[in-house]
>>> print(open('final08.tsv').read())   # TSV, C-alpha atoms
chain	number	residue	atom	x	y	z
M	1407	MET	CA	21.18	10.65	-8.59
M	1408	LYS	CA	19.74	8.30	-5.98
M	1409	LEU	CA	16.91	10.76	-5.29
M	1410	ARG	CA	16.14	10.88	-9.02
M	1411	SER	CA	15.94	7.09	-9.16
M	1412	ILE	CA	13.60	7.02	-6.18
M	1413	THR	CA	11.46	9.67	-7.88
M	1414	ILE	CA	11.31	7.63	-11.11
M	1415	THR	CA	10.35	4.50	-9.17
M	1416	GLY	CA	7.69	6.50	-7.32
M	1417	LEU	CA	6.34	7.81	-10.60
M	1418	ILE	CA	6.15	4.29	-12.05
M	1419	LEU	CA	4.34	3.05	-8.96
M	1420	SER	CA	1.89	5.96	-9.09
M	1421	LEU	CA	1.18	5.22	-12.77
M	1422	ALA	CA	0.53	1.59	-11.87
M	1423	LEU	CA	-1.97	2.63	-9.24
M	1424	ALA	CA	-3.53	5.33	-11.42
M	1425	SER	CA	-4.09	2.75	-14.15
M	1426	LEU	CA	-6.52	0.98	-11.83
M	1427	ALA	CA	-8.88	3.92	-12.02
M	1428	PHE	CA	-9.27	3.51	-15.76
M	1429	GLN	CA	-9.74	-0.24	-15.90
M	1430	CYS	CA	-13.33	-1.28	-16.29
M	1431	GLY	CA	-15.12	-4.62	-16.46
M	1432	GLY	CA	-13.06	-7.73	-16.97
M	1433	GLY	CA	-14.14	-10.15	-14.34
M	1434	SER	CA	-16.60	-8.38	-12.07
M	1435	GLY	CA	-17.39	-10.64	-9.21
M	1436	SER	CA	-20.49	-12.42	-8.13
M	1437	SER	CA	-21.07	-9.88	-5.37
M	1438	GLY	CA	-22.88	-7.62	-7.83
M	1439	GLY	CA	-19.67	-5.70	-8.33
M	1440	SER	CA	-20.06	-2.60	-10.41
M	1441	ASP	CA	-16.90	-1.06	-11.86
M	1442	SER	CA	-16.74	1.42	-8.99
M	1443	VAL	CA	-16.98	-1.32	-6.35
M	1444	ARG	CA	-14.36	-3.31	-8.24
M	1445	ASN	CA	-12.01	-0.33	-8.39
M	1446	ALA	CA	-12.49	0.32	-4.67
M	1447	ALA	CA	-11.78	-3.36	-3.98
M	1448	ARG	CA	-8.64	-3.23	-6.12
M	1449	ALA	CA	-7.45	-0.09	-4.35
M	1450	ALA	CA	-8.12	-1.61	-0.89
M	1451	ASP	CA	-6.16	-4.68	-2.02
M	1452	ALA	CA	-3.35	-2.45	-3.32
M	1453	ILE	CA	-3.20	-0.81	0.13
M	1454	ALA	CA	-2.88	-4.28	1.69
M	1455	GLY	CA	-0.04	-5.08	-0.74
M	1456	SER	CA	1.62	-1.72	-0.03
M	1457	ILE	CA	1.55	-2.38	3.73
M	1458	LYS	CA	3.16	-5.76	3.09
M	1459	GLU	CA	5.93	-4.24	0.98
M	1460	MET	CA	6.46	-1.32	3.37
M	1461	THR	CA	6.89	-3.80	6.22
M	1462	LYS	CA	9.62	-5.57	4.23
M	1463	VAL	CA	11.33	-2.29	3.26
M	1464	LYS	CA	11.18	-1.15	6.90
M	1465	ARG	CA	12.87	-4.37	8.02
M	1466	ASP	CA	15.52	-4.14	5.30
M	1467	LEU	CA	16.30	-0.53	6.17
M	1468	ALA	CA	16.52	-1.38	9.88
M	1469	ARG	CA	18.85	-4.29	9.05
M	1470	GLN	CA	21.05	-1.88	7.06
M	1471	GLY	CA	21.16	0.47	10.05
M	1472	SER	CA	19.20	3.16	8.20
M	1473	LEU	CA	16.41	3.17	10.80
M	1474	THR	CA	16.77	3.41	14.57
M	1475	PRO	CA	14.72	1.00	16.73
M	1476	ALA	CA	12.57	3.95	17.86
M	1477	GLU	CA	11.87	4.93	14.23
M	1478	GLU	CA	11.07	1.35	13.28
M	1479	LEU	CA	8.73	1.05	16.26
M	1480	ARG	CA	6.80	4.19	15.25
M	1481	LEU	CA	6.53	2.89	11.68
M	1482	THR	CA	5.31	-0.47	12.95
M	1483	GLN	CA	2.66	1.11	15.20
M	1484	THR	CA	1.34	3.35	12.46
M	1485	LEU	CA	1.41	0.53	9.86
M	1486	LEU	CA	-0.62	-1.58	12.27
M	1487	ARG	CA	-3.22	1.18	12.59
M	1488	LEU	CA	-3.47	1.42	8.78
M	1489	ASN	CA	-3.71	-2.36	8.46
M	1490	THR	CA	-6.62	-2.44	10.93
M	1491	ALA	CA	-8.40	0.41	9.13
M	1492	ASP	CA	-8.01	-1.23	5.71
M	1493	LYS	CA	-9.25	-4.51	7.15
M	1494	ALA	CA	-12.49	-2.83	8.30
M	1495	LEU	CA	-12.91	-1.25	4.85
M	1496	VAL	CA	-12.36	-4.56	3.06
M	1497	GLN	CA	-14.92	-6.27	5.32
M	1498	ARG	CA	-17.44	-3.51	4.60
M	1499	LEU	CA	-16.86	-3.76	0.84
M	1500	LYS	CA	-17.31	-7.53	1.06
M	1501	ALA	CA	-20.66	-7.06	2.75
M	1502	LEU	CA	-21.88	-4.68	0.02
M	1503	ARG	CA	-24.76	-6.01	-2.02
M	1504	GLY	CA	-25.81	-3.48	-4.60
M	1505	GLU	CA	-26.13	0.19	-3.71
M	1506	PRO	CA	-25.63	0.93	0.00
M	1507	ASP	CA	-28.40	2.69	1.91
M	1508	ALA	CA	-27.84	5.91	3.91
M	1509	SER	CA	-26.36	4.16	6.93
M	1510	GLY	CA	-24.18	2.00	4.68
M	1511	ARG	CA	-22.87	5.11	2.94
M	1512	ALA	CA	-22.15	6.78	6.29
M	1513	GLU	CA	-20.29	3.66	7.41
M	1514	LEU	CA	-18.23	3.60	4.21
M	1515	LEU	CA	-17.37	7.27	4.67
M	1516	THR	CA	-16.27	6.68	8.28
M	1517	MET	CA	-14.04	3.79	7.21
M	1518	PHE	CA	-12.62	5.77	4.32
M	1519	ASN	CA	-11.82	8.63	6.72
M	1520	GLU	CA	-10.09	6.25	9.14
M	1521	VAL	CA	-7.90	4.76	6.38
M	1522	SER	CA	-7.10	8.27	5.21
M	1523	ALA	CA	-6.23	9.40	8.77
M	1524	ALA	CA	-4.08	6.28	9.26
M	1525	ILE	CA	-2.09	7.06	6.09
M	1526	ASN	CA	-1.55	10.63	7.31
M	1527	ASP	CA	-0.45	9.28	10.70
M	1528	LEU	CA	1.96	6.85	9.03
M	1529	ASN	CA	3.40	9.71	7.00
M	1530	SER	CA	3.54	12.38	9.73
M	1531	ASN	CA	4.48	10.28	12.75
M	1532	GLY	CA	6.32	7.46	11.01
M	1533	VAL	CA	7.99	8.32	7.71
M	1534	LEU	CA	8.70	12.03	8.15
M	1535	GLY	CA	10.36	11.33	11.50
M	1536	VAL	CA	13.03	9.13	9.87
M	1537	THR	CA	16.35	10.96	10.05
M	1538	ASN	CA	18.18	9.04	7.28
M	1539	GLU	CA	17.25	10.89	4.08
M	1540	GLY	CA	17.60	7.90	1.74
M	1541	ALA	CA	15.42	5.73	3.96
M	1542	ARG	CA	12.86	8.51	4.32
M	1543	ASN	CA	12.65	9.00	0.54
M	1544	GLN	CA	12.11	5.28	-0.09
M	1545	LEU	CA	9.36	5.09	2.50
M	1546	SER	CA	7.80	8.27	1.09
M	1547	THR	CA	7.52	6.58	-2.30
M	1548	ILE	CA	5.31	3.90	-0.81
M	1549	ILE	CA	3.25	6.61	0.94
M	1550	THR	CA	2.62	8.06	-2.53
M	1551	THR	CA	1.23	4.73	-3.74
M	1552	LEU	CA	-1.01	4.56	-0.67
M	1553	GLN	CA	-2.30	8.06	-1.40
M	1554	SER	CA	-2.94	7.12	-5.04
M	1555	SER	CA	-5.00	4.14	-3.86
M	1556	MET	CA	-6.97	6.43	-1.57
M	1557	GLN	CA	-7.84	8.71	-4.49
M	1558	ILE	CA	-9.44	5.74	-6.22
M	1559	ILE	CA	-11.45	4.85	-3.11
M	1560	GLN	CA	-12.37	8.50	-2.62
M	1561	ALA	CA	-13.88	8.55	-6.13
M	1562	PHE	CA	-15.96	5.52	-5.15
M	1563	VAL	CA	-17.13	7.06	-1.85
M	1564	GLN	CA	-17.99	10.35	-3.60
M	1565	ALA	CA	-19.93	8.48	-6.29
M	1566	GLN	CA	-21.96	6.79	-3.57
M	1567	GLY	CA	-22.79	10.21	-2.11
M	1568	THR	CA	-23.75	11.58	-5.52
M	1569	ASN	CA	-26.01	8.62	-6.26
M	1570	ALA	CA	-27.76	9.21	-2.94
M	1571	ASN	CA	-28.55	12.80	-3.93
M	1572	LEU	CA	-30.08	11.88	-7.30
H	578	MET	CA	0.96	-5.25	-24.11
H	579	ASN	CA	-0.70	-4.77	-20.73
H	580	PHE	CA	0.09	-1.33	-19.27
H	581	LEU	CA	1.15	-2.80	-15.94
H	582	THR	CA	3.46	-5.25	-17.71
H	583	LEU	CA	5.01	-2.35	-19.56
H	584	ILE	CA	5.68	-0.29	-16.47
H	585	SER	CA	6.96	-3.26	-14.49
H	586	GLN	CA	9.53	-3.65	-17.26
H	587	LEU	CA	10.50	-0.01	-16.82
H	588	LEU	CA	11.50	-0.58	-13.19
H	589	PRO	CA	14.89	-2.16	-13.93
H	590	ILE	CA	15.65	0.94	-16.00
H	591	ALA	CA	14.81	3.12	-13.01
H	592	SER	CA	17.13	1.06	-10.85
H	593	SER	CA	19.91	1.13	-13.41
H	594	VAL	CA	20.22	4.91	-13.29
H	595	ALA	CA	21.09	4.74	-9.59
H	596	PRO	CA	24.78	4.45	-8.79
H	597	GLY	CA	25.92	1.21	-7.14
H	598	THR	CA	22.75	-0.73	-7.70
H	599	VAL	CA	24.35	-4.12	-7.86
H	600	ALA	CA	21.83	-6.35	-6.12
H	601	GLY	CA	22.08	-6.13	-2.38
H	602	THR	CA	24.67	-3.36	-2.34
H	603	SER	CA	22.53	-0.27	-2.66
H	604	GLN	CA	20.23	1.26	-0.10
H	605	PHE	CA	17.92	1.84	-3.07
H	606	MET	CA	17.38	-1.88	-3.70
H	607	PRO	CA	14.66	-2.49	-1.07
H	608	LEU	CA	12.46	0.02	-2.88
H	609	VAL	CA	13.06	-1.48	-6.33
H	610	VAL	CA	12.23	-4.95	-5.01
H	611	ALA	CA	9.14	-3.58	-3.22
H	612	ALA	CA	7.96	-1.73	-6.33
H	613	THR	CA	8.40	-4.80	-8.53
H	614	ASN	CA	6.54	-6.99	-6.03
H	615	LEU	CA	3.77	-4.45	-5.66
H	616	ILE	CA	3.25	-4.10	-9.40
H	617	ALA	CA	3.17	-7.90	-9.77
H	618	TYR	CA	0.63	-8.01	-6.92
H	619	ILE	CA	-1.58	-5.43	-8.64
H	620	GLN	CA	-1.19	-7.21	-11.97
H	621	GLN	CA	-2.63	-10.41	-10.49
H	622	GLN	CA	-5.91	-8.59	-9.79
H	623	GLY	CA	-6.73	-8.70	-13.51
H	624	GLY	CA	-7.55	-12.39	-13.40
H	625	LEU	CA	-9.62	-12.24	-10.23
H	626	THR	CA	-13.27	-11.48	-9.56
H	627	THR	CA	-14.12	-8.62	-7.19
H	628	GLU	CA	-14.92	-11.15	-4.49
H	629	GLN	CA	-11.58	-12.90	-4.97
H	630	ILE	CA	-9.75	-9.58	-4.82
H	631	LEU	CA	-11.44	-8.79	-1.49
H	632	ASP	CA	-10.65	-12.29	-0.19
H	633	ARG	CA	-7.01	-11.87	-1.16
H	634	ALA	CA	-6.91	-8.41	0.47
H	635	GLY	CA	-8.32	-9.97	3.66
H	636	SER	CA	-5.66	-12.70	3.65
H	637	THR	CA	-2.85	-10.24	3.00
H	638	LEU	CA	-4.08	-7.99	5.80
H	639	ASP	CA	-4.21	-10.98	8.19
H	640	GLU	CA	-0.62	-11.89	7.26
H	641	ASN	CA	0.45	-8.27	7.64
H	642	GLU	CA	-1.06	-8.16	11.12
H	643	VAL	CA	0.89	-11.25	12.21
H	644	GLU	CA	4.16	-9.83	10.83
H	645	LEU	CA	3.63	-6.39	12.34
H	646	LEU	CA	2.77	-7.86	15.75
H	647	LYS	CA	5.99	-9.90	15.56
H	648	ASP	CA	7.90	-6.68	14.86
H	649	MET	CA	6.13	-4.94	17.75
H	650	ALA	CA	7.12	-7.73	20.12
H	651	ARG	CA	10.72	-7.64	18.89
H	652	LEU	CA	11.00	-3.86	19.09
H	653	GLN	CA	9.28	-3.44	22.43
H	654	GLY	CA	11.09	-6.39	23.95
H	655	SER	CA	14.52	-5.61	22.58
H	656	ALA	CA	16.99	-3.23	24.12
H	657	ASP	CA	19.27	-3.68	21.11
H	658	PRO	CA	20.33	-0.14	20.22
H	659	ALA	CA	21.67	-1.20	16.80
H	660	GLY	CA	18.19	-1.84	15.39
H	661	GLY	CA	17.11	-4.47	12.88
H	662	GLY	CA	17.71	-7.63	14.79
H	663	HIS	CA	16.95	-10.01	11.89
>>> encode(input="final08.tsv", output="structure tokens")
Amino acid sequence: MKLRSITITGLILSLALASLAFQCGGGSGSSGGSDSVRNAARAADAIAGSIKEMTKVKRDLARQGSLTPAEELRLTQTLLRLNTADKALVQRLKALRGEPDASGRAELLTMFNEVSAAINDLNSNGVLGVTNEGARNQLSTIITTLQSSMQIIQAFVQAQGTNANL
Amino acid sequence: MNFLTLISQLLPIASSVAPGTVAGTSQFMPLVVAATNLIAYIQQQGGLTTEQILDRAGSTLDENEVELLKDMARLQGSADPAGGGH
């Protein structure tokens, strides 16, 4: 029953994230933000929010005794890596003015790949190593939201590549 | 009704189908709280410009870094085998 509830919550969170991909216009910024840049910004922001919430969940689970100190340490290290990677991506998006040139696109791709690798690291070396099943399932739900955010950013990065080939 | 508002209202239903979800008593509660907070966080993006969203992301990431470094210090400096420590 608990697993079903976690699954439902995960589904709701994924829907929330997926809805970002279909929202257009409505307050594009002064930085020349097209819808794709705006969606990438929203997804990068959602990753920042997910890291914040995962940090709180991690602490709560540790307080409940559902995580060992070694497991919490691995989660903390991998969350820190993801936080640093997302920070670099956000800074790059902030610096975007119009369509990026070839080196700008390459830079975006590198940053996207680092965020993606950091999420995989968080999942493989942090979450999947948690022995308490309930704790692992809760943390996995947040991993799903991170992966949903990455799909939105991936669409943006791919669009940049496509535009370059036109 | 905004889609995000709708799904944030569905969350209490998700939590209600879990046994023993009286606030603070279930292991499931941290996730419900996190999901609700996260949806509210995403919802706030609607009223912001792209630049403001990126500024907010930057601030959140700075705060996250401080909190995670605190946790690192606690976990690397602590020999407490029980974990948590808050």
>>> closest_residue(input="final08.tsv", among="M:Ala1565, M:Leu1473, M:Ala1447, M:Leu1528", to="Arg1487 in chain M", atoms="all atoms listed in the file")
M:Leu1528
>>> closest_residue(input="final08.tsv", among="M:Ile1558, M:Val1533, M:Leu1485, M:Leu1495", to="Gly1510 in chain M", atoms="all atoms listed in the file")
M:Leu1495
>>> closest_atom_pairs(input="final08.tsv", of="range 1481-1528 of chain M", to="range 627-647 of chain H", cutoff="7 Å", atoms="all atoms listed in the file", output="Markdown table")
| residue | atom | partner | partner_atom | distance |
| --- | --- | --- | --- | --- |
| M:Thr1482 | CA | H:Leu645 | CA | 6.2 |
| M:Leu1486 | CA | H:Leu645 | CA | 6.4 |
| M:Asn1489 | CA | H:Leu638 | CA | 6.2 |
| M:Lys1493 | CA | H:Leu638 | CA | 6.4 |
| M:Val1496 | CA | H:Leu631 | CA | 6.3 |
| M:Lys1500 | CA | H:Leu631 | CA | 6.5 |
>>> atom_distance(input="final08.tsv", atom1="CA of Glu1478 in chain M", atom2="CA of Leu652 in chain H")
7.8 Å
>>> residues_around(input="final08.tsv", residues="Asn614 in chain H", least_positions_apart="6", cutoff="10 Å", atoms="all atoms listed in the file", output="ChimeraX atom specification")
/M:1455-1456,1458-1459 /H:585,608,620
>>> closest_residue(input="final08.tsv", among="M:Asp1492, M:Val1563, M:Leu1467, M:Gly1504", to="Ala1450 in chain M", atoms="only C-alpha atoms")
M:Asp1492
>>> atom_distance(input="final08.tsv", atom1="CA of Ala1494 in chain M", atom2="CA of Ser1442 in chain M")
18.3 Å
>>> closest_residue(input="final08.tsv", among="M:Ile1548, M:Met1556, M:Val1521, M:Leu1534", to="chain H", atoms="all atoms listed in the file")
M:Ile1548
>>> decode(input="final08.tsv", residues="range 1529-1572 of chain M", atoms="N, CA and C atoms", output="PDB file, in the first residue's frame")
ATOM      1  N   ASN M1529      21.642   8.705  -8.472  1.00  0.00           N
ATOM      2  CA  ASN M1529      20.784   7.521  -8.453  1.00  0.00           C
ATOM      3  C   ASN M1529      21.596   6.252  -8.156  1.00  0.00           C
ATOM      4  N   SER M1530      22.663   6.042  -8.947  1.00  0.00           N
ATOM      5  CA  SER M1530      23.427   4.788  -8.828  1.00  0.00           C
ATOM      6  C   SER M1530      24.202   4.691  -7.521  1.00  0.00           C
ATOM      7  N   ASN M1531      24.913   5.755  -7.174  1.00  0.00           N
ATOM      8  CA  ASN M1531      25.804   5.683  -6.010  1.00  0.00           C
ATOM      9  C   ASN M1531      25.174   6.214  -4.727  1.00  0.00           C
ATOM     10  N   GLY M1532      24.045   6.903  -4.855  1.00  0.00           N
ATOM     11  CA  GLY M1532      23.378   7.421  -3.665  1.00  0.00           C
ATOM     12  C   GLY M1532      22.108   6.646  -3.348  1.00  0.00           C
ATOM     13  N   VAL M1533      21.095   6.842  -4.179  1.00  0.00           N
ATOM     14  CA  VAL M1533      19.752   6.304  -3.875  1.00  0.00           C
ATOM     15  C   VAL M1533      19.697   4.778  -3.913  1.00  0.00           C
ATOM     16  N   LEU M1534      20.244   4.182  -4.959  1.00  0.00           N
ATOM     17  CA  LEU M1534      20.116   2.719  -5.088  1.00  0.00           C
ATOM     18  C   LEU M1534      20.918   1.962  -4.029  1.00  0.00           C
ATOM     19  N   GLY M1535      21.831   2.659  -3.377  1.00  0.00           N
ATOM     20  CA  GLY M1535      22.620   2.026  -2.313  1.00  0.00           C
ATOM     21  C   GLY M1535      21.926   2.048  -0.953  1.00  0.00           C
ATOM     22  N   VAL M1536      20.764   2.698  -0.883  1.00  0.00           N
ATOM     23  CA  VAL M1536      20.037   2.790   0.399  1.00  0.00           C
ATOM     24  C   VAL M1536      19.371   1.437   0.690  1.00  0.00           C
ATOM     25  N   THR M1537      19.631   0.900   1.848  1.00  0.00           N
ATOM     26  CA  THR M1537      19.131  -0.453   2.137  1.00  0.00           C
ATOM     27  C   THR M1537      17.657  -0.470   2.568  1.00  0.00           C
ATOM     28  N   ASN M1538      17.197   0.604   3.222  1.00  0.00           N
ATOM     29  CA  ASN M1538      15.797   0.656   3.662  1.00  0.00           C
ATOM     30  C   ASN M1538      14.909   0.902   2.433  1.00  0.00           C
ATOM     31  N   GLU M1539      14.021  -0.059   2.153  1.00  0.00           N
ATOM     32  CA  GLU M1539      13.231  -0.010   0.924  1.00  0.00           C
ATOM     33  C   GLU M1539      12.320   1.220   0.842  1.00  0.00           C
ATOM     34  N   GLY M1540      11.678   1.536   1.967  1.00  0.00           N
ATOM     35  CA  GLY M1540      10.767   2.689   1.983  1.00  0.00           C
ATOM     36  C   GLY M1540      11.515   3.979   1.692  1.00  0.00           C
ATOM     37  N   ALA M1541      12.677   4.129   2.320  1.00  0.00           N
ATOM     38  CA  ALA M1541      13.492   5.333   2.103  1.00  0.00           C
ATOM     39  C   ALA M1541      13.952   5.394   0.653  1.00  0.00           C
ATOM     40  N   ARG M1542      14.384   4.232   0.147  1.00  0.00           N
ATOM     41  CA  ARG M1542      14.882   4.187  -1.239  1.00  0.00           C
ATOM     42  C   ARG M1542      13.774   4.587  -2.229  1.00  0.00           C
ATOM     43  N   ASN M1543      12.554   4.088  -1.989  1.00  0.00           N
ATOM     44  CA  ASN M1543      11.447   4.402  -2.893  1.00  0.00           C
ATOM     45  C   ASN M1543      11.106   5.893  -2.877  1.00  0.00           C
ATOM     46  N   GLN M1544      11.157   6.500  -1.694  1.00  0.00           N
ATOM     47  CA  GLN M1544      10.856   7.938  -1.609  1.00  0.00           C
ATOM     48  C   GLN M1544      11.899   8.758  -2.361  1.00  0.00           C
ATOM     49  N   LEU M1545      13.159   8.383  -2.154  1.00  0.00           N
ATOM     50  CA  LEU M1545      14.231   9.118  -2.832  1.00  0.00           C
ATOM     51  C   LEU M1545      14.159   8.890  -4.344  1.00  0.00           C
ATOM     52  N   SER M1546      13.754   7.681  -4.743  1.00  0.00           N
ATOM     53  CA  SER M1546      13.633   7.374  -6.177  1.00  0.00           C
ATOM     54  C   SER M1546      12.575   8.243  -6.844  1.00  0.00           C
ATOM     55  N   THR M1547      11.533   8.580  -6.078  1.00  0.00           N
ATOM     56  CA  THR M1547      10.469   9.428  -6.634  1.00  0.00           C
ATOM     57  C   THR M1547      11.037  10.791  -7.028  1.00  0.00           C
ATOM     58  N   ILE M1548      11.916  11.313  -6.181  1.00  0.00           N
ATOM     59  CA  ILE M1548      12.505  12.623  -6.507  1.00  0.00           C
ATOM     60  C   ILE M1548      13.469  12.490  -7.680  1.00  0.00           C
ATOM     61  N   ILE M1549      14.141  11.341  -7.785  1.00  0.00           N
ATOM     62  CA  ILE M1549      15.007  11.092  -8.957  1.00  0.00           C
ATOM     63  C   ILE M1549      14.156  11.164 -10.233  1.00  0.00           C
ATOM     64  N   THR M1550      12.949  10.623 -10.173  1.00  0.00           N
ATOM     65  CA  THR M1550      12.065  10.650 -11.349  1.00  0.00           C
ATOM     66  C   THR M1550      11.759  12.089 -11.759  1.00  0.00           C
ATOM     67  N   THR M1551      11.544  12.959 -10.769  1.00  0.00           N
ATOM     68  CA  THR M1551      11.248  14.359 -11.119  1.00  0.00           C
ATOM     69  C   THR M1551      12.487  15.019 -11.732  1.00  0.00           C
ATOM     70  N   LEU M1552      13.662  14.642 -11.231  1.00  0.00           N
ATOM     71  CA  LEU M1552      14.901  15.200 -11.797  1.00  0.00           C
ATOM     72  C   LEU M1552      15.047  14.745 -13.258  1.00  0.00           C
ATOM     73  N   GLN M1553      14.734  13.472 -13.503  1.00  0.00           N
ATOM     74  CA  GLN M1553      14.858  12.951 -14.868  1.00  0.00           C
ATOM     75  C   GLN M1553      13.837  13.612 -15.804  1.00  0.00           C
ATOM     76  N   SER M1554      12.642  13.899 -15.267  1.00  0.00           N
ATOM     77  CA  SER M1554      11.629  14.593 -16.082  1.00  0.00           C
ATOM     78  C   SER M1554      12.123  15.983 -16.453  1.00  0.00           C
ATOM     79  N   SER M1555      12.761  16.665 -15.506  1.00  0.00           N
ATOM     80  CA  SER M1555      13.304  17.998 -15.783  1.00  0.00           C
ATOM     81  C   SER M1555      14.367  17.907 -16.871  1.00  0.00           C
ATOM     82  N   MET M1556      15.187  16.860 -16.784  1.00  0.00           N
ATOM     83  CA  MET M1556      16.258  16.706 -17.771  1.00  0.00           C
ATOM     84  C   MET M1556      15.702  16.492 -19.176  1.00  0.00           C
ATOM     85  N   GLN M1557      14.553  15.817 -19.268  1.00  0.00           N
ATOM     86  CA  GLN M1557      13.962  15.604 -20.598  1.00  0.00           C
ATOM     87  C   GLN M1557      13.576  16.935 -21.232  1.00  0.00           C
ATOM     88  N   ILE M1558      13.122  17.867 -20.389  1.00  0.00           N
ATOM     89  CA  ILE M1558      12.744  19.190 -20.896  1.00  0.00           C
ATOM     90  C   ILE M1558      13.994  19.928 -21.381  1.00  0.00           C
ATOM     91  N   ILE M1559      15.078  19.835 -20.604  1.00  0.00           N
ATOM     92  CA  ILE M1559      16.317  20.516 -21.006  1.00  0.00           C
ATOM     93  C   ILE M1559      16.910  19.839 -22.243  1.00  0.00           C
ATOM     94  N   GLN M1560      16.772  18.519 -22.303  1.00  0.00           N
ATOM     95  CA  GLN M1560      17.288  17.791 -23.464  1.00  0.00           C
ATOM     96  C   GLN M1560      16.600  18.271 -24.744  1.00  0.00           C
ATOM     97  N   ALA M1561      15.281  18.499 -24.659  1.00  0.00           N
ATOM     98  CA  ALA M1561      14.545  18.992 -25.829  1.00  0.00           C
ATOM     99  C   ALA M1561      15.110  20.340 -26.258  1.00  0.00           C
ATOM    100  N   PHE M1562      15.458  21.170 -25.291  1.00  0.00           N
ATOM    101  CA  PHE M1562      16.030  22.485 -25.589  1.00  0.00           C
ATOM    102  C   PHE M1562      17.399  22.333 -26.255  1.00  0.00           C
ATOM    103  N   VAL M1563      18.251  21.472 -25.689  1.00  0.00           N
ATOM    104  CA  VAL M1563      19.609  21.290 -26.227  1.00  0.00           C
ATOM    105  C   VAL M1563      19.524  20.714 -27.644  1.00  0.00           C
ATOM    106  N   GLN M1564      18.616  19.758 -27.847  1.00  0.00           N
ATOM    107  CA  GLN M1564      18.461  19.156 -29.180  1.00  0.00           C
ATOM    108  C   GLN M1564      17.964  20.190 -30.184  1.00  0.00           C
ATOM    109  N   ALA M1565      17.049  21.049 -29.732  1.00  0.00           N
ATOM    110  CA  ALA M1565      16.527  22.101 -30.637  1.00  0.00           C
ATOM    111  C   ALA M1565      17.653  23.026 -31.059  1.00  0.00           C
ATOM    112  N   GLN M1566      18.567  23.321 -30.135  1.00  0.00           N
ATOM    113  CA  GLN M1566      19.697  24.181 -30.475  1.00  0.00           C
ATOM    114  C   GLN M1566      20.536  23.518 -31.561  1.00  0.00           C
ATOM    115  N   GLY M1567      20.750  22.214 -31.422  1.00  0.00           N
ATOM    116  CA  GLY M1567      21.533  21.466 -32.414  1.00  0.00           C
ATOM    117  C   GLY M1567      20.864  21.449 -33.763  1.00  0.00           C
ATOM    118  N   THR M1568      19.528  21.279 -33.760  1.00  0.00           N
ATOM    119  CA  THR M1568      18.760  21.256 -35.001  1.00  0.00           C
ATOM    120  C   THR M1568      18.821  22.592 -35.707  1.00  0.00           C
ATOM    121  N   ASN M1569      18.657  23.677 -34.908  1.00  0.00           N
ATOM    122  CA  ASN M1569      18.711  25.020 -35.500  1.00  0.00           C
ATOM    123  C   ASN M1569      20.060  25.274 -36.178  1.00  0.00           C
ATOM    124  N   ALA M1570      21.117  24.715 -35.558  1.00  0.00           N
ATOM    125  CA  ALA M1570      22.458  24.925 -36.102  1.00  0.00           C
ATOM    126  C   ALA M1570      22.632  24.247 -37.439  1.00  0.00           C
ATOM    127  N   ASN M1571      21.864  23.144 -37.652  1.00  0.00           N
ATOM    128  CA  ASN M1571      21.999  22.396 -38.900  1.00  0.00           C
ATOM    129  C   ASN M1571      21.133  22.929 -40.032  1.00  0.00           C
ATOM    130  N   LEU M1572      20.255  23.915 -39.707  1.00  0.00           N
ATOM    131  CA  LEU M1572      19.343  24.417 -40.750  1.00  0.00           C
ATOM    132  C   LEU M1572      20.094  25.309 -41.734  1.00  0.00           C
TER     133      LEU M1572
END
